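**Student:** After the C-alpha cells below, expect a handful of questions from me.
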Amino acid sequence: MPSKPVPPITMDAVYAAPGYLFRRMQQIAVSIFMEECKAFDLTPVQYAALIAIHTHPGIDATRLSAVIAFDRSTLGSVIERLQAKDFVERKPTPEDKRIKLLYLTKQGAAILREIIPAVERAQARMLEPLKPTERKALLGLMSQLVDLNNEASRVPLRAEDALEHLGKAG
C-alpha cells in the first residue's frame with residue numbers, strides 16, 4: 001500500500017491548525033479581558049475563582065480547582081493573590097484545621113458586582129466580528145469540543161463531582 005504523501009512544511013499549515021487557532025484565540029480573549037477589566041486588577045482565572053467562591057461559599061481549594069478546571073498547584077497562588085487583595089478569606093474547617101474553606105470578603109463581593117459589566121463587554125468584544133448566527137454556531141461547537149475532549153485536559157472539569165462533596169448543587 002503506498003504511503004500518504006507528507007504535506008509540505010509551511011507556516012500556512014501552522015496558521016490553519018486547530019491547536020494554533022485555539023492558542024491564538026486564548027491570547028486574544030485574555031488580552032480583551034485584561035483591557036476591559038484593567039481597572040479591577042483581576043485575571044480571568046481570578047475572576048472565575050471569585051465567581052465559584054461566591055456561588056459556593058465554603059468551597060475548599062481542591063474542589064475549587066475541579067469547579068473551574070484549573071491546576072491545583074497553580075491555584076494556590078491565585079488564591080493567595082485574591083487573599084492579599086482582601087477579596088477572599090480562608091477559614092479552617094471545624095473537623096480538620098488543615099483544610100481551609102474559602103469565602104468572599106465584603107470587598108470581594110463588591111468587586112465582583114462592579115466587574116460584571118466589564119466582563120460582559122469583554123465577552124461581547126470577543127465575538128463582535130461575527131454575525132449573530134455565527135456566534136451561536138461557534139459557541140455551540142466550542143462547547144461540544146470542550147465537552148467531548150474534557151478527559152484530554154490536564155485538569156478536566158469536575159464541577160459536579162466537586163459540588164456533590166460539598167452537598168450543594170451548582
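Residues are referred to by chain and number: the chain letter is A, B, ... according to the order shown in the C-alpha cells, the number counts from 1 in that chain, and ligands are numbered separately from 1 in the order shown.
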Please give the complete set of residues from chain A that DSSP, run on the backbone, assigns to strand (DSSP E or B), formatted as a list in words.

**Tutor:**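 Strand (DSSP E or B) assignments inside chain A correspond to Ile59, Asp60, Val88, Glu89, Arg90, Lys91, Pro92, Lys100, Leu101, Leu102, Tyr103 and Leu104 of chain A.
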
**Student:** Give me the residues within 7 Å of segment 144-160 of chain A as a list of chain:residue names, counting only C-alpha atoms and dropping any in the same chain fewer than 5 places off.

**Tutor:**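 In the requested form, the answer reads A:Ala66, A:Val67, A:Ile68, A:Ala69, A:Phe70, A:Asp71.
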
**Student:** For Val30 of chain A, which residue among A:Lys106, A:Val14, A:Tyr47, A:Ala137 is the nearest when counting only C-alpha atoms?

**Tutor:** A:Tyr47

**Student:** Could you pull out the helix (DSSP H, G or I) residues of chain A, going by DSSP on the backbone, and write them as an MDAnalysis selection string?

**Tutor:** chainID A and resid 11:15 18:36 38:40 44:55 61:68 72:84 106:127 132:148 150:152 159:166

**Student:** Rounded to one decimal in Å, what is the spacing between atom CA of His54 of chain A and atom CA of Leu127 of chain A?

**Tutor:**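 Spanning atom CA of His54 of chain A to atom CA of Leu127 of chain A is a straight-line distance of 26.6 Å.
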
**Student:** Would you kindly return, as an NGL selection string, each protein, DNA or RNA residue with an atom no farther than 12 Å from any atom of segment 85-99 of chain A, considering only C-alpha atoms and excluding same-chain residues fewer than 2 positions away?

**Tutor:** :A and (40-42 or 46-47 or 49-54 or 57-63 or 76 or 78-83 or 101-112)

**Student:** Select, from A:Lys131, A:Val119, A:Leu21, A:Arg125, the residue with the minimum atom-to-atom distance to Lys38 of chain A, counting only C-alpha atoms.

**Tutor:**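 With only C-alpha atoms as the atom set, the closest residue is A:Val119.
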
**Student:** Would you kindly return, as a PyMOL selection string, each protein, DNA or RNA residue with an atom no farther than 9 Å from any atom of Ala39 of chain A, considering only C-alpha atoms and excluding same-chain residues fewer than 4 positions away?

**Tutor:** chain A and resi 34-35+115

**Student:** Using atom CA of Ile32 of chain A and atom CA of Met126 of chain A as the two end points, give the distance in Å to one decimal.

**Tutor:**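 Distance reported for this atom pair: 7.2 Å.
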
**Student:** Can you measure atom CA of Glu36 of chain A to atom CA of Ala118 of chain A for me? One decimal in Å is fine.

**Tutor:**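 These two atoms are separated by 5.5 Å.
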